[in-house]
>>> print(open('structure-v7.tsv').read())   # TSV, C-alpha atoms
chain	number	residue	atom	x	y	z
A	1	MET	CA	-11.86	0.35	14.52
A	2	ARG	CA	-11.49	-1.92	17.54
A	3	THR	CA	-7.88	-2.33	18.61
A	4	SER	CA	-6.53	-5.85	18.29
A	5	ALA	CA	-3.53	-6.96	20.34
A	6	LEU	CA	-0.78	-8.93	18.64
A	7	SER	CA	2.02	-10.66	20.51
A	8	VAL	CA	5.39	-10.18	18.80
A	9	GLY	CA	8.69	-11.70	19.88
A	10	PHE	CA	12.04	-10.00	19.48
A	11	ILE	CA	15.71	-10.25	20.42
A	12	PRO	CA	17.28	-7.11	22.01
A	13	LEU	CA	19.06	-5.75	18.93
A	14	VAL	CA	19.09	-2.41	17.16
A	15	ASP	CA	17.43	-4.02	14.15
A	16	ALA	CA	14.32	-4.73	16.22
A	17	ALA	CA	13.71	-0.98	15.90
A	18	PRO	CA	10.84	-1.14	13.35
A	19	LEU	CA	8.71	-3.16	15.77
A	20	ILE	CA	9.58	-1.02	18.77
A	21	VAL	CA	9.00	2.21	16.83
A	22	ALA	CA	5.73	0.89	15.37
A	23	GLN	CA	4.39	0.47	18.89
A	24	GLU	CA	5.97	3.47	20.62
A	25	MET	CA	5.37	6.04	17.84
A	26	GLY	CA	1.77	5.05	17.18
A	27	PHE	CA	2.13	3.46	13.73
A	28	ALA	CA	0.53	0.28	15.04
A	29	ALA	CA	-2.30	2.25	16.65
A	30	GLN	CA	-3.00	3.91	13.30
A	31	GLU	CA	-3.74	0.44	11.96
A	32	GLY	CA	-5.96	-0.49	14.89
A	33	ILE	CA	-3.48	-2.86	16.50
A	34	SER	CA	-1.23	-2.85	19.55
A	35	LEU	CA	1.99	-4.82	19.77
A	36	ASP	CA	2.75	-6.81	22.90
A	37	LEU	CA	6.52	-6.98	22.45
A	38	ARG	CA	8.13	-9.95	24.20
A	39	SER	CA	11.89	-10.27	24.54
A	40	ALA	CA	13.48	-13.69	24.00
A	41	PRO	CA	16.93	-14.83	25.25
A	42	SER	CA	18.04	-16.63	22.06
A	43	TRP	CA	17.08	-17.23	18.46
A	44	SER	CA	16.19	-20.87	19.08
A	45	SER	CA	13.81	-19.89	21.87
A	46	LEU	CA	12.24	-17.17	19.70
A	47	ARG	CA	11.81	-19.61	16.81
A	48	ASP	CA	10.06	-22.01	19.17
A	49	MET	CA	7.86	-19.25	20.61
A	50	LEU	CA	6.65	-18.50	17.09
A	51	SER	CA	6.39	-22.12	15.94
A	52	PHE	CA	4.33	-23.20	18.95
A	53	GLY	CA	1.98	-20.21	18.84
A	54	GLN	CA	3.24	-18.39	21.92
A	55	VAL	CA	3.57	-15.26	19.77
A	56	ASP	CA	1.74	-14.24	16.60
A	57	ALA	CA	4.79	-12.81	14.82
A	58	ALA	CA	8.49	-12.37	15.39
A	59	HIS	CA	11.57	-10.31	14.62
A	60	MET	CA	13.45	-13.19	13.04
A	61	LEU	CA	16.75	-14.05	11.38
A	62	SER	CA	16.26	-13.83	7.62
A	63	THR	CA	17.56	-17.38	7.29
A	64	VAL	CA	15.25	-19.17	9.74
A	65	PRO	CA	12.12	-19.43	7.54
A	66	VAL	CA	14.37	-20.85	4.81
A	67	ALA	CA	16.03	-23.31	7.20
A	68	CYS	CA	12.62	-24.49	8.40
A	69	ALA	CA	11.47	-25.01	4.80
A	70	MET	CA	14.61	-27.07	4.16
A	71	GLY	CA	14.12	-29.14	7.31
A	72	VAL	CA	17.32	-27.98	9.00
A	73	GLY	CA	17.99	-25.89	12.08
A	74	GLY	CA	15.10	-27.25	14.14
A	75	GLY	CA	11.50	-26.15	14.08
A	76	GLY	CA	9.03	-28.06	11.93
A	77	THR	CA	6.35	-25.41	11.59
A	78	PRO	CA	6.23	-23.71	8.15
A	79	LEU	CA	7.12	-20.03	8.52
A	80	ALA	CA	6.68	-17.13	6.13
A	81	ALA	CA	8.87	-14.04	5.81
A	82	VAL	CA	6.32	-11.36	4.97
A	83	SER	CA	8.59	-8.32	5.16
A	84	VAL	CA	12.27	-7.55	5.60
A	85	LEU	CA	12.76	-5.54	8.79
A	86	SER	CA	16.41	-4.62	8.24
A	87	VAL	CA	19.33	-4.93	5.87
A	88	ASN	CA	22.92	-5.27	7.14
A	89	GLY	CA	23.76	-4.18	10.69
A	90	ASN	CA	26.28	-6.91	11.63
A	91	VAL	CA	29.90	-6.54	12.68
A	92	VAL	CA	32.82	-8.96	12.64
A	93	GLY	CA	35.07	-8.59	15.68
A	94	VAL	CA	38.15	-10.23	17.19
A	95	LYS	CA	39.50	-10.70	20.69
A	96	ARG	CA	42.20	-8.31	21.95
A	97	GLU	CA	45.00	-10.83	21.50
A	98	LEU	CA	44.10	-11.24	17.84
A	99	GLU	CA	43.79	-7.47	17.46
A	100	ASP	CA	47.33	-7.05	18.76
A	101	ARG	CA	48.64	-9.78	16.46
A	102	LEU	CA	46.93	-8.21	13.45
A	103	ARG	CA	48.47	-4.83	14.26
A	104	ASP	CA	51.91	-6.37	14.74
A	105	ASN	CA	51.53	-7.88	11.25
A	106	GLY	CA	50.82	-4.43	9.82
A	107	TYR	CA	47.06	-4.66	9.38
A	108	THR	CA	45.45	-1.19	9.55
A	109	PHE	CA	41.82	-2.01	10.40
A	110	ASP	CA	40.42	0.04	7.52
A	111	PHE	CA	36.96	-1.49	8.16
A	112	LYS	CA	36.30	-1.77	4.41
A	113	ASP	CA	38.34	-4.37	2.56
A	114	ALA	CA	36.91	-7.82	3.30
A	115	ARG	CA	39.54	-9.65	1.26
A	116	ALA	CA	42.46	-7.97	3.02
A	117	ALA	CA	40.82	-8.46	6.42
A	118	GLY	CA	40.20	-12.15	5.78
A	119	LEU	CA	43.73	-12.83	4.61
A	120	ALA	CA	45.18	-10.91	7.55
A	121	LEU	CA	42.96	-12.81	9.97
A	122	THR	CA	43.99	-16.17	8.49
A	123	GLN	CA	47.65	-15.23	8.80
A	124	ALA	CA	47.29	-14.02	12.39
A	125	SER	CA	45.37	-17.07	13.62
A	126	ASN	CA	47.23	-19.82	15.42
A	127	GLY	CA	45.29	-22.95	14.59
A	128	PRO	CA	41.48	-23.19	14.39
A	129	LEU	CA	39.60	-19.91	14.58
A	130	ARG	CA	36.57	-20.16	16.87
A	131	ILE	CA	33.95	-17.71	15.61
A	132	GLY	CA	30.81	-16.99	17.62
A	133	VAL	CA	27.53	-16.45	15.75
A	134	PRO	CA	24.05	-16.09	17.27
A	135	PHE	CA	22.59	-19.14	15.49
A	136	PRO	CA	24.03	-21.91	13.28
A	137	PHE	CA	21.62	-21.00	10.47
A	138	SER	CA	21.86	-17.21	10.43
A	139	MET	CA	23.02	-14.52	8.04
A	140	HIS	CA	25.98	-14.13	10.40
A	141	ALA	CA	27.03	-17.72	9.72
A	142	GLU	CA	26.32	-17.49	5.99
A	143	LEU	CA	28.42	-14.33	5.66
A	144	ILE	CA	31.32	-15.88	7.57
A	145	TYR	CA	31.25	-19.10	5.53
A	146	TYR	CA	30.93	-17.21	2.24
A	147	TRP	CA	33.69	-14.74	3.15
A	148	LEU	CA	36.32	-17.23	4.26
A	149	ALA	CA	35.45	-19.90	1.68
A	150	ALA	CA	35.94	-17.32	-1.08
A	151	LEU	CA	39.49	-16.77	0.20
A	152	GLY	CA	40.45	-20.42	-0.31
A	153	SER	CA	40.58	-23.69	1.55
A	154	ALA	CA	43.21	-22.50	4.05
A	155	ALA	CA	40.86	-19.86	5.41
A	156	ARG	CA	37.74	-22.03	5.15
A	157	ASP	CA	39.24	-25.01	6.94
A	158	GLN	CA	40.43	-22.92	9.90
A	159	ILE	CA	37.01	-21.89	11.17
A	160	GLN	CA	34.93	-23.45	13.91
A	161	ILE	CA	31.47	-21.90	14.25
A	162	LYS	CA	30.12	-21.70	17.80
A	163	THR	CA	26.63	-20.57	18.80
A	164	VAL	CA	26.46	-17.70	21.31
A	165	PRO	CA	23.35	-15.59	22.05
A	166	PRO	CA	23.89	-12.00	20.85
A	167	THR	CA	23.65	-10.50	24.33
A	168	LEU	CA	26.41	-12.84	25.61
A	169	MET	CA	28.97	-12.33	22.84
A	170	ALA	CA	31.19	-10.02	24.94
A	171	GLU	CA	31.09	-12.49	27.83
A	172	ALA	CA	32.09	-15.36	25.51
A	173	ILE	CA	35.10	-13.36	24.30
A	174	ALA	CA	36.08	-12.52	27.89
A	175	ALA	CA	35.78	-16.17	28.97
A	176	GLY	CA	38.07	-17.32	26.16
A	177	GLU	CA	35.33	-19.41	24.53
A	178	ILE	CA	35.66	-17.73	21.11
A	179	ASP	CA	38.39	-15.90	19.21
A	180	ALA	CA	36.13	-13.79	16.99
A	181	PHE	CA	32.46	-13.11	16.38
A	182	CYS	CA	29.86	-11.94	13.91
A	183	VAL	CA	26.91	-10.32	15.66
A	184	GLY	CA	24.29	-7.63	15.23
A	185	GLU	CA	24.72	-4.31	16.93
A	186	PRO	CA	24.95	-3.12	19.64
A	187	TRP	CA	26.58	-6.28	20.97
A	188	GLY	CA	29.81	-5.88	19.00
A	189	SER	CA	30.13	-2.36	20.34
A	190	ARG	CA	29.53	-3.68	23.84
A	191	ALA	CA	32.59	-5.94	23.49
A	192	VAL	CA	34.60	-2.89	22.41
A	193	GLU	CA	33.27	-0.81	25.33
A	194	ARG	CA	34.32	-3.51	27.78
A	195	GLY	CA	37.81	-3.66	26.29
A	196	GLN	CA	37.34	-7.27	25.25
A	197	GLY	CA	37.56	-6.97	21.48
A	198	ALA	CA	37.96	-4.86	18.37
A	199	LEU	CA	35.78	-4.58	15.28
A	200	LEU	CA	37.34	-5.87	12.07
A	201	LEU	CA	34.60	-5.43	9.45
A	202	PRO	CA	30.96	-4.49	8.98
A	203	GLY	CA	28.86	-7.27	7.48
A	204	ALA	CA	28.15	-4.89	4.59
A	205	ALA	CA	31.78	-5.25	3.49
A	206	ILE	CA	31.08	-8.90	2.65
A	207	TRP	CA	27.67	-8.40	0.99
A	208	ASN	CA	26.59	-4.80	0.49
A	209	PHE	CA	22.87	-5.45	0.93
A	210	ALA	CA	22.21	-8.60	2.96
A	211	PRO	CA	18.69	-9.14	4.36
A	212	GLU	CA	19.31	-9.45	8.08
A	213	LYS	CA	15.98	-9.68	9.93
A	214	VAL	CA	12.48	-10.40	8.67
A	215	LEU	CA	8.99	-10.13	10.03
A	216	ALA	CA	8.08	-13.81	10.34
A	217	VAL	CA	4.73	-15.46	10.97
A	218	ARG	CA	3.44	-19.00	10.82
A	219	GLN	CA	2.19	-19.82	7.36
A	220	ASP	CA	-1.19	-21.00	8.67
A	221	TRP	CA	-1.59	-17.74	10.61
A	222	ALA	CA	-0.84	-15.76	7.45
A	223	ASP	CA	-3.59	-17.69	5.68
A	224	THR	CA	-6.25	-17.29	8.36
A	225	GLU	CA	-5.46	-13.81	9.80
A	226	GLN	CA	-4.76	-11.83	6.65
A	227	SER	CA	-6.42	-8.62	7.83
A	228	LEU	CA	-4.30	-8.52	11.00
A	229	LEU	CA	-1.21	-9.50	9.03
A	230	PHE	CA	-1.64	-6.70	6.53
A	231	ARG	CA	-2.12	-4.16	9.31
A	232	LEU	CA	1.05	-5.41	10.98
A	233	ILE	CA	3.04	-5.21	7.73
A	234	ARG	CA	1.86	-1.64	7.08
A	235	SER	CA	2.62	-0.42	10.61
A	236	VAL	CA	6.15	-1.86	10.49
A	237	TRP	CA	6.73	-0.45	7.00
A	238	ARG	CA	5.75	3.03	8.23
A	239	ALA	CA	8.06	2.64	11.22
A	240	GLY	CA	10.95	1.74	8.91
A	241	ARG	CA	10.21	4.76	6.75
A	242	TRP	CA	10.29	6.98	9.86
A	243	LEU	CA	13.60	5.45	10.95
A	244	ALA	CA	15.10	6.39	7.59
A	245	GLU	CA	14.15	10.06	7.99
A	246	GLU	CA	16.71	12.65	9.00
A	247	GLY	CA	16.27	13.64	12.60
A	248	SER	CA	14.87	10.32	13.83
A	249	THR	CA	18.13	8.98	15.28
A	250	LEU	CA	18.15	10.56	18.74
A	251	LEU	CA	14.56	9.64	19.54
A	252	ALA	CA	14.94	6.15	18.09
A	253	ALA	CA	18.05	5.53	20.21
A	254	GLU	CA	16.22	6.71	23.32
A	255	LEU	CA	13.26	4.43	22.63
A	256	LEU	CA	15.46	1.40	22.04
A	257	SER	CA	17.57	2.10	25.13
A	258	ARG	CA	14.64	1.62	27.50
A	259	PRO	CA	14.88	-1.26	30.01
A	260	GLN	CA	12.15	-3.35	28.37
A	261	TYR	CA	14.00	-3.25	25.04
A	262	LEU	CA	17.83	-3.10	24.82
A	263	ASP	CA	18.58	-1.59	28.25
A	264	LEU	CA	21.82	0.02	27.04
A	265	PRO	CA	23.01	3.65	26.77
A	266	PRO	CA	21.47	5.52	23.82
A	267	GLU	CA	24.95	6.62	22.73
A	268	MET	CA	25.93	3.02	22.00
A	269	ILE	CA	22.75	2.43	20.02
A	270	GLU	CA	23.27	5.60	17.97
A	271	ARG	CA	26.44	4.14	16.48
A	272	ALA	CA	24.52	1.52	14.55
A	273	LEU	CA	21.82	3.98	13.50
A	274	THR	CA	24.40	6.41	12.08
A	275	GLY	CA	27.02	3.93	10.85
A	276	GLN	CA	29.70	5.76	12.86
A	277	LEU	CA	31.27	2.97	14.92
A	278	THR	CA	33.99	2.97	17.54
A	279	ILE	CA	36.12	-0.02	16.57
A	280	ASN	CA	38.59	-0.43	19.45
A	281	ALA	CA	39.27	0.43	23.08
A	282	ALA	CA	41.50	3.33	22.00
A	283	GLY	CA	38.45	5.07	20.53
A	284	ALA	CA	39.28	4.82	16.81
A	285	GLU	CA	36.19	5.42	14.68
A	286	ARG	CA	35.10	4.24	11.25
A	287	ARG	CA	32.07	5.23	9.20
A	288	THR	CA	30.19	2.76	6.99
A	289	ASP	CA	27.57	3.79	4.45
A	290	GLN	CA	24.59	1.42	4.39
A	291	PHE	CA	25.69	0.01	7.73
A	292	LEU	CA	22.04	-0.59	8.67
A	293	GLU	CA	19.05	0.07	6.42
A	294	PHE	CA	15.39	0.06	7.41
A	295	ASN	CA	13.78	1.52	4.29
A	296	ARG	CA	16.10	2.91	1.62
A	297	GLY	CA	16.62	0.88	-1.54
A	298	ALA	CA	13.42	-1.15	-1.12
A	299	ALA	CA	15.03	-2.61	2.00
A	300	ASN	CA	11.68	-3.95	3.26
A	301	PHE	CA	10.85	-5.91	0.11
A	302	PRO	CA	11.12	-9.71	0.60
A	303	TRP	CA	13.03	-10.60	-2.56
A	304	ARG	CA	12.61	-14.24	-3.56
A	305	SER	CA	16.12	-14.11	-5.02
A	306	GLN	CA	17.58	-13.27	-1.61
A	307	ALA	CA	15.79	-16.28	-0.16
A	308	GLU	CA	17.17	-18.42	-2.99
A	309	TRP	CA	20.71	-17.27	-2.22
A	310	ILE	CA	20.25	-18.23	1.42
A	311	GLY	CA	18.87	-21.65	0.46
A	312	HIS	CA	21.68	-22.23	-2.02
A	313	GLN	CA	24.38	-21.37	0.53
A	314	MET	CA	22.81	-23.59	3.18
A	315	ALA	CA	22.60	-26.45	0.70
A	316	LEU	CA	26.29	-26.13	-0.17
A	317	ARG	CA	27.38	-26.57	3.42
A	318	THR	CA	24.77	-29.12	4.59
A	319	GLY	CA	24.83	-31.45	1.59
A	320	ALA	CA	21.22	-30.72	0.62
A	321	ASP	CA	20.09	-30.60	-2.99
A	322	PRO	CA	20.74	-27.02	-4.18
A	323	ALA	CA	17.89	-26.98	-6.71
A	324	GLY	CA	15.37	-28.21	-4.15
A	325	ALA	CA	16.71	-25.80	-1.55
A	326	ARG	CA	16.24	-22.86	-3.91
A	327	ILE	CA	12.63	-23.78	-4.63
A	328	ALA	CA	11.82	-24.29	-0.95
A	329	ALA	CA	13.53	-21.02	-0.02
A	330	ALA	CA	11.85	-18.86	-2.65
A	331	GLY	CA	8.43	-20.01	-1.49
A	332	VAL	CA	8.78	-18.63	2.04
A	333	TYR	CA	9.67	-15.04	1.08
A	334	ARG	CA	6.14	-13.78	0.47
A	335	SER	CA	6.49	-10.81	-1.84
A	336	ASP	CA	2.86	-11.43	-2.86
A	337	LEU	CA	1.60	-10.76	0.67
A	338	PHE	CA	3.85	-7.72	1.03
A	339	ARG	CA	2.49	-6.24	-2.20
A	340	ALA	CA	-1.11	-6.89	-1.17
A	341	ALA	CA	-0.61	-5.34	2.27
A	342	LEU	CA	0.85	-2.11	0.86
A	343	GLU	CA	-1.64	-1.70	-1.97
A	344	GLY	CA	-3.24	1.73	-1.68
A	345	THR	CA	-0.35	3.22	0.33
A	346	SER	CA	2.36	5.56	-0.97
A	347	ALA	CA	4.78	2.61	-1.23
A	348	ASP	CA	6.34	2.25	-4.68
A	349	LEU	CA	7.41	-1.37	-5.05
A	350	PRO	CA	9.71	-3.06	-7.56
A	351	GLY	CA	7.96	-4.57	-10.54
A	352	ALA	CA	9.84	-7.87	-10.20
A	353	SER	CA	10.09	-10.18	-7.18
A	354	SER	CA	13.55	-11.54	-8.01
A	355	LYS	CA	16.77	-9.98	-9.27
A	356	ILE	CA	20.37	-10.96	-9.88
A	357	GLU	CA	22.03	-10.67	-6.47
A	358	GLY	CA	25.42	-8.97	-6.43
A	359	ALA	CA	24.96	-7.28	-9.81
A	360	LEU	CA	24.56	-3.65	-8.72
A	361	GLY	CA	27.80	-1.74	-8.27
A	362	ASP	CA	25.93	1.54	-7.78
A	363	ASP	CA	22.49	2.66	-6.69
A	364	THR	CA	20.23	1.91	-9.65
A	365	ALA	CA	16.69	2.86	-10.69
A	366	VAL	CA	14.45	-0.09	-11.54
A	367	ALA	CA	10.99	-0.53	-13.03
A	368	SER	CA	8.14	0.11	-10.62
A	369	ALA	CA	4.53	1.30	-10.67
A	370	GLY	CA	5.48	4.85	-9.67
A	371	GLY	CA	8.94	4.94	-11.22
A	372	ARG	CA	10.62	6.03	-8.01
A	373	VAL	CA	12.38	2.88	-6.77
A	374	ILE	CA	16.15	3.08	-6.55
A	375	LEU	CA	17.90	-0.07	-5.43
A	376	CYS	CA	21.13	0.23	-3.44
A	377	ARG	CA	24.36	-1.40	-4.57
A	378	ASN	CA	24.35	-5.04	-3.59
A	379	GLN	CA	27.74	-6.46	-4.53
A	380	PHE	CA	29.51	-9.38	-2.90
A	381	PHE	CA	33.10	-8.59	-1.92
A	382	ASP	CA	34.52	-11.15	-4.38
A	383	GLY	CA	32.58	-9.80	-7.35
A	384	ARG	CA	30.47	-12.91	-7.90
A	385	THR	CA	26.79	-12.74	-8.80
A	386	PHE	CA	23.87	-15.06	-8.07
A	387	GLU	CA	21.16	-15.58	-10.66
A	388	PRO	CA	17.80	-16.80	-9.32
A	389	GLN	CA	15.98	-19.70	-10.91
A	390	CYS	CA	12.50	-19.39	-9.37
>>> encode(input="structure-v7.tsv", output="structure tokens")
Amino acid sequence: MRTSALSVGFIPLVDAAPLIVAQEMGFAAQEGISLDLRSAPSWSSLRDMLSFGQVDAAHMLSTVPVACAMGVGGGGTPLAAVSVLSVNGNVVGVKRELEDRLRDNGYTFDFKDARAAGLALTQASNGPLRIGVPFPFSMHAELIYYWLAALGSAARDQIQIKTVPPTLMAEAIAAGEIDAFCVGEPWGSRAVERGQGALLLPGAAIWNFAPEKVLAVRQDWADTEQSLLFRLIRSVWRAGRWLAEEGSTLLAAELLSRPQYLDLPPEMIERALTGQLTINAAGAERRTDQFLEFNRGAANFPWRSQAEWIGHQMALRTGADPAGARIAAAGVYRSDLFRAALEGTSADLPGASSKIEGALGDDTAVASAGGRVILCRNQFFDGRTFEPQC
């Protein structure tokens, strides 16, 4: 098989690992492709690189294909999410001044209880709370809006969302431009390492199983380059499976730490891979199960119901029609292409392409061809559920 080169854009984050591992560990080569991995400085620039054909595929925010389908967030090119690269992996952090105020008020930073953390943060804030997120239409933003809106109008009305590239979040805190942030690792940990902030919550405390990054391609490319697309999907799926294996952490952290990727110490990257995070400058640690998932619980499956939830949330805060947003959103999460790509592999996929989001309080077995699929708990912190319509 002749090797075909594919250009793939990414942002330097731990959850770019499946693409990096696919190239560095030979999973792409097994499929007869090589990945030309190109780092981008921001999500808007990466979206444009993909939309204008400068790259064939991209490590992309799970929300961006939905936003494009809804006509918000810039970018007019139809995009398809053909695989989920990662679930969870975000942290919510606060500046040192807010950390001190929270402690003075008796908050213990348990790193688990989203309701208690949100109420404590609202109480400790003096006036509007400026929260940095990497992109206005991102899972980071959706989690923050959902979290604080669920706590009531007092919390919701205090927030001001500001866009800050992930790699510059610590600098934005240091410059006094933001009071708090929601960002993917390792950039929250970098703020802690520099003594500029403390971690308040993992994103998983707000929604246990939130799709964070997807493998995105242009819809027309998916239609015309299906053989290449399927090979790419399979190589990334195998990389995610390897990342989920015991014993992969040290090597994965070393690969990601290289200058052309994250260019940070492996020890900082390991925190996200293990879920054992240092949350403040004093060295306090907290462990989070399901902090970042690459494979377990059908993590790679592009659930149409997850896309619907994203579309519904965006519609609520932008004034779009919720029903139309749901339909547009569900159409860009291509579970059909994912199934076709993995046909003939050892992958055991869910029998359905949608599910009730937030309904699983425990890991649960679901119907599948091989009978081996166990979905992870996927509750929202406030106990609400979301029933798909498409």
>>> closest_residue(input="structure-v7.tsv", among="A:Arg286, A:Gln389, A:Arg2, A:Tyr107", to="A:Gln30", atoms="all atoms listed in the file")
A:Arg2
>>> atom_distance(input="structure-v7.tsv", atom1="atom CA of A:Ala352", atom2="atom CA of A:Pro388")
12.0 Å
>>> atom_distance(input="structure-v7.tsv", atom1="atom CA of A:Leu349", atom2="atom CA of A:Gln306")
16.0 Å
>>> axis_aligned_box(input="structure-v7.tsv", around="stretch 282-300 of chain A", padding_each_side="4 Å", output="JSON")
{"center_x": 26.6, "center_y": 0.7, "center_z": 10.2, "size_x": 37.8, "size_y": 17.4, "size_z": 31.5}
>>> closest_residue(input="structure-v7.tsv", among="A:Ala175, A:Ala180, A:Cys390, A:Ala299", to="A:Cys376", atoms="only C-alpha atoms")
A:Ala299
>>> closest_atom_pairs(input="structure-v7.tsv", of="stretch 212-316 of chain A", to="stretch 110-127 of chain A", cutoff="9 Å", atoms="all atoms listed in the file", output="JSON lines")
{"residue": "A:Ile279", "atom": "CA", "partner": "A:Phe111", "partner_atom": "CA", "distance": 8.6}
{"residue": "A:Arg286", "atom": "CA", "partner": "A:Phe111", "partner_atom": "CA", "distance": 6.8}
{"residue": "A:Arg287", "atom": "CA", "partner": "A:Phe111", "partner_atom": "CA", "distance": 8.4}
{"residue": "A:Thr288", "atom": "CA", "partner": "A:Lys112", "partner_atom": "CA", "distance": 8.0}
>>> closest_residue(input="structure-v7.tsv", among="A:Ala320, A:Leu13, A:Ala204, A:Val66", to="A:Gly188", atoms="only C-alpha atoms")
A:Leu13
>>> residues_near_point(input="structure-v7.tsv", point="(39.0, -6.0, 17.5)", cutoff="9 Å", atoms="only C-alpha atoms", output="VMD selection string")
chain A and resid 92 to 100 109 180 191 to 192 196 to 200 279 to 281
>>> residues_around(input="structure-v7.tsv", residues="A:Ser346", least_positions_apart="4", cutoff="12 Å", atoms="only C-alpha atoms", output="list of chain:residue names")
A:Arg234, A:Trp237, A:Arg238, A:Arg241, A:Arg339, A:Ala341, A:Leu342, A:Ala369, A:Gly370, A:Arg372, A:Val373
>>> closest_residue(input="structure-v7.tsv", among="A:Thr63, A:Asn208, A:Gln313, A:Thr163", to="A:Phe181", atoms="only C-alpha atoms")
A:Thr163
>>> residues_around(input="structure-v7.tsv", residues="A:Trp43", least_positions_apart="5", cutoff="9 Å", atoms="only C-alpha atoms", output="list in words")
Phe10, Ile11, Asp48, Met60, Leu61, Pro134, Phe135, Pro165 and Pro166 of chain A
>>> closest_atom_pairs(input="structure-v7.tsv", of="stretch 301-337 of chain A", to="stretch 140-147 of chain A", cutoff="10 Å", atoms="only C-alpha atoms", output="Markdown table")
| residue | atom | partner | partner_atom | distance |
| --- | --- | --- | --- | --- |
| A:Trp309 | CA | A:Glu142 | CA | 9.9 |
| A:Ile310 | CA | A:Glu142 | CA | 7.6 |
| A:Gln313 | CA | A:Glu142 | CA | 7.0 |
| A:Met314 | CA | A:Glu142 | CA | 7.6 |
| A:Arg317 | CA | A:Tyr145 | CA | 8.7 |
>>> atom_distance(input="structure-v7.tsv", atom1="atom CA of A:Ile206", atom2="atom CA of A:Asn295")
20.3 Å
>>> residues_around(input="structure-v7.tsv", residues="A:Val14", least_positions_apart="6", cutoff="8 Å", atoms="all atoms listed in the file", output="PDB file with C-alpha atoms, in the frame of the given file")
ATOM      1  CA  GLY A 184      24.290  -7.630  15.230  1.00  0.00           C
ATOM      2  CA  GLU A 185      24.720  -4.310  16.930  1.00  0.00           C
ATOM      3  CA  PRO A 186      24.950  -3.120  19.640  1.00  0.00           C
ATOM      4  CA  LEU A 256      15.460   1.400  22.040  1.00  0.00           C
ATOM      5  CA  LEU A 262      17.830  -3.100  24.820  1.00  0.00           C
ATOM      6  CA  ILE A 269      22.750   2.430  20.020  1.00  0.00           C
ATOM      7  CA  ALA A 272      24.520   1.520  14.550  1.00  0.00           C
ATOM      8  CA  LEU A 273      21.820   3.980  13.500  1.00  0.00           C
TER       9      LEU A 273
END
